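Just data-v4.tsv here, TSV, C-alpha atoms:
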chain	number	residue	atom	x	y	z
D	19	MET	CA	46.16	138.38	-54.67
D	20	SER	CA	45.45	138.99	-58.34
D	21	ALA	CA	42.16	137.87	-59.88
D	22	GLY	CA	44.06	135.47	-62.15
D	23	ILE	CA	45.80	133.71	-59.26
D	24	LEU	CA	42.55	133.58	-57.29
D	25	ALA	CA	40.55	132.13	-60.21
D	26	ARG	CA	43.26	129.60	-61.13
D	27	SER	CA	43.75	128.51	-57.51
D	28	ALA	CA	40.00	128.08	-56.95
D	29	ARG	CA	39.64	126.09	-60.16
D	30	ALA	CA	42.61	123.85	-59.30
D	31	ALA	CA	41.31	123.26	-55.76
D	32	SER	CA	37.91	122.29	-57.12
D	33	GLY	CA	39.41	119.84	-59.63
D	34	LEU	CA	37.70	121.45	-62.62
D	35	SER	CA	39.22	121.89	-66.05
D	36	GLN	CA	39.00	125.30	-67.71
D	37	SER	CA	36.29	124.03	-70.05
D	38	GLU	CA	34.25	122.60	-67.14
D	39	LEU	CA	34.52	125.88	-65.25
D	40	ALA	CA	33.53	127.82	-68.37
D	41	VAL	CA	30.35	125.74	-68.70
D	42	ARG	CA	29.48	125.95	-64.98
D	43	SER	CA	30.11	129.70	-64.72
D	44	GLY	CA	28.78	130.81	-68.10
D	45	ILE	CA	32.09	132.60	-68.78
D	46	ALA	CA	33.64	131.94	-72.20
D	47	GLY	CA	36.62	129.58	-72.07
D	48	SER	CA	38.78	132.07	-73.95
D	49	SER	CA	37.97	134.78	-71.38
D	50	LEU	CA	38.69	132.37	-68.52
D	51	SER	CA	42.09	131.56	-70.01
D	52	LEU	CA	42.94	135.25	-70.35
D	53	ILE	CA	41.86	135.91	-66.75
D	54	GLU	CA	43.85	132.97	-65.33
D	55	ASN	CA	46.95	134.04	-67.23
D	56	GLY	CA	46.74	137.66	-66.04
D	57	LYS	CA	46.02	139.05	-69.49
D	58	ARG	CA	42.53	140.30	-68.58
D	59	GLU	CA	41.18	141.75	-65.34
D	60	PRO	CA	37.64	140.51	-64.75
D	61	THR	CA	34.82	142.57	-63.32
D	62	VAL	CA	33.82	141.77	-59.77
D	63	ALA	CA	30.66	140.08	-61.10
D	64	THR	CA	32.71	137.85	-63.42
D	65	LEU	CA	35.14	136.90	-60.67
D	66	GLU	CA	32.26	136.10	-58.33
D	67	ALA	CA	30.64	133.90	-61.01
D	68	LEU	CA	33.89	132.00	-61.51
D	69	LEU	CA	34.42	131.52	-57.79
D	70	LEU	CA	30.84	130.46	-57.08
D	71	ALA	CA	31.13	127.85	-59.84
D	72	THR	CA	34.12	126.39	-57.95
D	73	ARG	CA	32.27	126.63	-54.60
D	74	HIS	CA	34.55	129.46	-53.39
D	75	THR	CA	33.91	133.05	-52.37
D	76	VAL	CA	35.82	136.29	-52.05
D	77	VAL	CA	36.91	137.31	-48.54
D	78	THR	CA	38.72	140.52	-47.68
D	79	LEU	CA	41.42	140.70	-45.03
D	80	PRO	CA	42.55	143.78	-43.13
D	81	THR	CA	46.11	143.61	-44.49
D	82	VAL	CA	48.17	144.67	-47.48
D	83	ARG	CA	50.54	141.70	-47.10
D	84	SER	CA	50.69	139.04	-49.82
D	85	ASP	CA	49.21	135.65	-49.01
D	86	ALA	CA	50.73	132.20	-49.50
D	87	ALA	CA	49.12	131.76	-52.94
D	88	ARG	CA	50.59	134.99	-54.33
D	89	ILE	CA	54.04	134.33	-52.84
D	90	ALA	CA	53.96	130.78	-54.27
D	91	SER	CA	53.29	132.22	-57.74
D	92	GLU	CA	56.25	134.57	-57.26
D	93	ILE	CA	58.44	131.64	-56.18
D	94	SER	CA	57.28	129.76	-59.28
D	95	ALA	CA	58.26	132.70	-61.50
D	96	ALA	CA	61.69	132.90	-59.86
D	97	LEU	CA	62.22	129.17	-60.38
D	98	ALA	CA	61.17	129.51	-64.02
D	99	ASP	CA	63.95	132.11	-64.34
D	100	SER	CA	66.38	129.71	-62.57
D	101	ASP	CA	66.72	132.26	-59.77
D	102	GLU	CA	66.80	130.12	-56.62
D	103	PRO	CA	68.03	133.00	-54.40
D	104	GLU	CA	65.02	135.11	-55.47
D	105	ALA	CA	62.72	132.18	-54.72
D	106	PHE	CA	64.22	132.04	-51.24
D	107	ARG	CA	63.79	135.81	-50.77
D	108	ARG	CA	60.11	135.49	-51.68
D	109	PHE	CA	59.82	132.59	-49.21
D	110	LEU	CA	61.32	134.76	-46.46
D	111	GLN	CA	58.82	137.48	-47.38
D	112	LEU	CA	56.03	135.00	-46.70
D	113	ALA	CA	57.66	134.18	-43.36
D	114	ASP	CA	57.69	137.88	-42.48
D	115	ASN	CA	54.11	138.41	-43.72
D	116	LEU	CA	52.77	135.59	-41.57
D	117	ALA	CA	54.80	136.64	-38.52
D	118	ALA	CA	53.49	140.21	-38.78
D	119	GLU	CA	49.83	139.20	-38.64
D	120	ARG	CA	47.81	137.69	-35.82
D	121	GLY	CA	44.70	135.57	-35.44
D	122	SER	CA	42.21	135.34	-38.26
D	123	THR	CA	44.29	137.55	-40.55
D	124	ARG	CA	47.23	135.16	-40.29
D	125	VAL	CA	44.91	132.24	-41.02
D	126	GLY	CA	43.42	134.21	-43.91
D	127	LEU	CA	46.84	134.57	-45.53
D	128	THR	CA	47.01	130.77	-45.71
D	129	LEU	CA	43.45	129.90	-46.78
D	130	THR	CA	43.86	129.82	-50.56
D	131	GLU	CA	45.80	126.75	-51.60
D	132	PRO	CA	48.77	127.85	-53.70
D	133	LEU	CA	49.22	126.50	-57.19
D	134	PRO	CA	52.21	124.18	-57.56
D	135	THR	CA	55.51	126.02	-57.99
D	136	ARG	CA	56.88	123.24	-60.23
D	137	SER	CA	59.05	122.16	-57.30
D	138	GLN	CA	57.75	119.67	-54.77
D	139	HIS	CA	60.45	120.88	-52.35
D	140	TRP	CA	59.25	124.49	-52.50
D	141	ASP	CA	55.59	123.44	-52.32
D	142	THR	CA	56.39	121.45	-49.19
D	143	ALA	CA	58.46	124.29	-47.69
D	144	ILE	CA	55.56	126.72	-48.17
D	145	ALA	CA	53.21	124.32	-46.37
D	146	ALA	CA	55.74	123.80	-43.57
D	147	LEU	CA	56.16	127.54	-43.12
D	148	CYS	CA	52.41	128.14	-42.99
D	149	GLU	CA	51.94	125.36	-40.44
D	150	TYR	CA	54.87	126.66	-38.37
D	151	ARG	CA	53.49	130.21	-38.21
D	152	LEU	CA	49.93	129.03	-37.50
D	153	ASN	CA	51.06	126.62	-34.78
D	154	ALA	CA	52.96	129.44	-33.08
D	155	ASP	CA	49.60	130.90	-32.01
D	156	ALA	CA	47.62	127.62	-31.91
D	157	LEU	CA	45.59	128.67	-34.96
D	158	PRO	CA	43.63	126.29	-37.21
D	159	ILE	CA	45.54	124.69	-40.10
D	160	PRO	CA	43.91	124.56	-43.57
D	161	ASP	CA	43.66	121.05	-45.06
D	162	TRP	CA	45.96	121.77	-48.01
D	163	ILE	CA	48.83	122.43	-45.58
D	164	LEU	CA	48.43	119.11	-43.80
D	165	ALA	CA	48.19	117.26	-47.13
D	166	ARG	CA	51.70	118.35	-48.18
D	167	GLU	CA	53.77	115.81	-46.33
D	168	GLY	CA	57.16	115.98	-48.03
D	169	ASN	CA	59.83	113.31	-47.73
D	170	PRO	CA	61.80	113.24	-44.45
D	171	ASP	CA	63.92	110.36	-45.81
D	172	ASN	CA	65.26	112.64	-48.55
D	173	PRO	CA	66.00	115.99	-46.82
D	174	TRP	CA	66.30	119.19	-48.84
D	175	SER	CA	67.43	122.69	-48.09
D	176	PRO	CA	67.08	125.65	-50.45
D	177	SER	CA	70.04	127.27	-52.13
D	178	THR	CA	70.23	130.72	-50.58
D	179	SER	CA	73.59	131.94	-51.86
D	180	ASP	CA	76.95	130.75	-53.12
D	181	TYR	CA	77.95	130.14	-49.50
D	182	ASP	CA	75.20	127.86	-48.19
D	183	ILE	CA	75.80	126.48	-44.70
D	184	PRO	CA	74.05	123.18	-43.91
D	185	ALA	CA	71.20	123.45	-41.42
D	186	GLU	CA	71.60	121.82	-38.03
D	187	ALA	CA	68.71	119.37	-37.56
D	188	ASP	CA	68.11	120.31	-33.92
D	189	ARG	CA	67.53	123.93	-35.00
D	190	VAL	CA	64.95	123.03	-37.67
D	191	PRO	CA	61.32	123.42	-36.52
D	192	ARG	CA	59.31	120.19	-36.35
D	193	GLU	CA	56.92	121.33	-39.13
D	194	PHE	CA	59.90	121.51	-41.51
D	195	ARG	CA	61.92	118.57	-40.19
D	196	ASP	CA	58.95	116.17	-40.39
D	197	ARG	CA	58.62	117.04	-44.09
D	198	GLY	CA	62.33	116.76	-44.86
D	199	ILE	CA	62.82	120.52	-45.30
D	200	LEU	CA	65.99	121.76	-43.60
D	201	ILE	CA	65.51	125.43	-42.74
D	202	GLU	CA	66.50	126.61	-39.27
D	203	ALA	CA	64.07	128.65	-37.16
D	204	ALA	CA	66.56	131.53	-36.97
D	205	THR	CA	66.51	131.81	-40.77
D	206	LEU	CA	62.79	132.55	-40.61
D	207	GLU	CA	63.20	135.49	-38.26
D	208	SER	CA	63.07	138.95	-39.81
D	209	VAL	CA	66.26	141.01	-39.57
Could you write out this file's structure as structure tokens?
Amino acid sequence: MSAGILARSARAASGLSQSELAVRSGIAGSSLSLIENGKREPTVATLEALLLATRHTVVTLPTVRSDAARIASEISAALADSDEPEAFRRFLQLADNLAAERGSTRVGLTLTEPLPTRSQHWDTAIAALCEYRLNADALPIPDWILAREGNPDNPWSPSTSDYDIPAEADRVPREFRDRGILIEAATLESV
């Protein structure tokens, strides 16, 4: 995860504005803005100061796979470019990343709450996927995942290509179905 995504996610999760975080951390607001927008790479000391001011810390994981927060930012970028198929490809990458890891590393890939993608459907789908993969091994579920409830009365399925086939409800995992996200379990399996 980039320092900008980490700083922005920690600030958002703590409910602080950029100016409040600047005061708490002692980091200039202009520098904070540059860091959060990926235009400046902070030193480790600066990143630690920002995170401590939001009551977060840096944790390393024994993996090179991208976590939910990074993938969500990539989905957001694809949606900003009106590239729904690319958003779906990034989502499937998260499915593969989570499936490839076990135990605490899998949990670690879901710990940082992703920033909103600008699509409630995608935000809910990311939460459903994380819960689905964590439940597969009876792992603990971070609070942000459980807070994203979705809308089962208004089901949604992502556009994956020009030839989308509707999902069959009995093939949709409970974590998705309960949130109104129609993605079949077989779609989440790596090929």
Exercise for the section: Skip D:Glu202 itself and residues of its chain fewer than 5 positions away, then list as a list in words all residues within 9 Å of it, counting only C-alpha atoms. Expected result: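 In the requested form, the answer reads Ala185, Glu186, Ala187, Asp188, Arg189, Val190, Pro191 and Phe194 of chain D.
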Practice task
Rank nothing, just name the residue among D:Leu65, D:Ile144, D:Ala30, D:Leu52 nearest to D:Asp85, using only C-alpha atoms.
Solution key: D:Ile144
Practice task
Please measure the separation of atom CA of D:Leu112 and atom CA of D:Ser91, giving the value in Å to one decimal.
Solution key: 11.7 Å
Exercise for the section: Go through D:Arg26, D:Arg192, D:Lys57, D:Arg83 and flag the residue nearest D:Asp114, using all atoms listed in the file for the distances. Expected result: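 Of all the options, D:Arg83 lies closest to D:Asp114.
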Handout entry: Test item: residues at most 12 Å from D:Leu206, all atoms listed in the file, excluding those fewer than 6 positions along its chain, as a PyMOL selection string
Key = chain D and resi 106-117+143-144+146-148+150-151+189-191+194+200
Exercise for the section: Would you list the residues near (40.4, 141.0, -45.4) (no more than 10 Å away, in the coordinates of the file, using only C-alpha atoms) as a list in words? Expected result: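 All residues meeting the 10 Å criterion around (40.4, 141.0, -45.4) are Val76, Val77, Thr78, Leu79, Pro80, Thr81, Val82, Ser122, Thr123, Gly126 and Leu127 of chain D.
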Practice task
Would you please work out which residue, of D:Leu70, D:Ala25, D:Leu157, D:Leu50, is nearest to D:Ser37 when using only C-alpha atoms?
Solution key: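 For D:Ser37, the nearest of the candidates is D:Leu50.
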Problem - Counting only C-alpha atoms, the option among D:Ala21, D:Ala28, D:Ala90, D:Val41 closest to D:Trp140 - result: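 Closest residue, counting only C-alpha atoms: D:Ala90.
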Handout entry: Nearest residue to D:Ser51 from the set D:Ser100, D:Ser179, D:Thr64, D:Gln36 (distances using only C-alpha atoms)
Key =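 That would be D:Gln36, the residue with the smallest distance to D:Ser51.
With all atoms listed in the file as the atoms that count, the minimum distance from D:Ser35 to the choices D:Leu152, D:Ala118, D:Ile163, D:Ala71 is reached by D:Ala71.
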Exercise for the section: Could you check how far atom CA of D:Glu193 sits from atom CA of D:Glu149, in Å to one decimal? Expected result: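 Going from atom CA of D:Glu193 over to atom CA of D:Glu149 covers 6.5 Å.
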Exercise for the section: Compute the distance from (55.3, 113.3, -47.9) to each atom, counting only C-alpha atoms, keep the residues with any atom at most 9 Å away, and return them as a PyMOL selection string; use the coordinates of the file. Expected result: chain D and resi 142+165-170+196-198
Exercise for the section: For atom CA of D:Ile93 and atom CA of D:Pro176, determine how far apart the two atoms are, in Å to one decimal place. Expected result: 12.0 Å
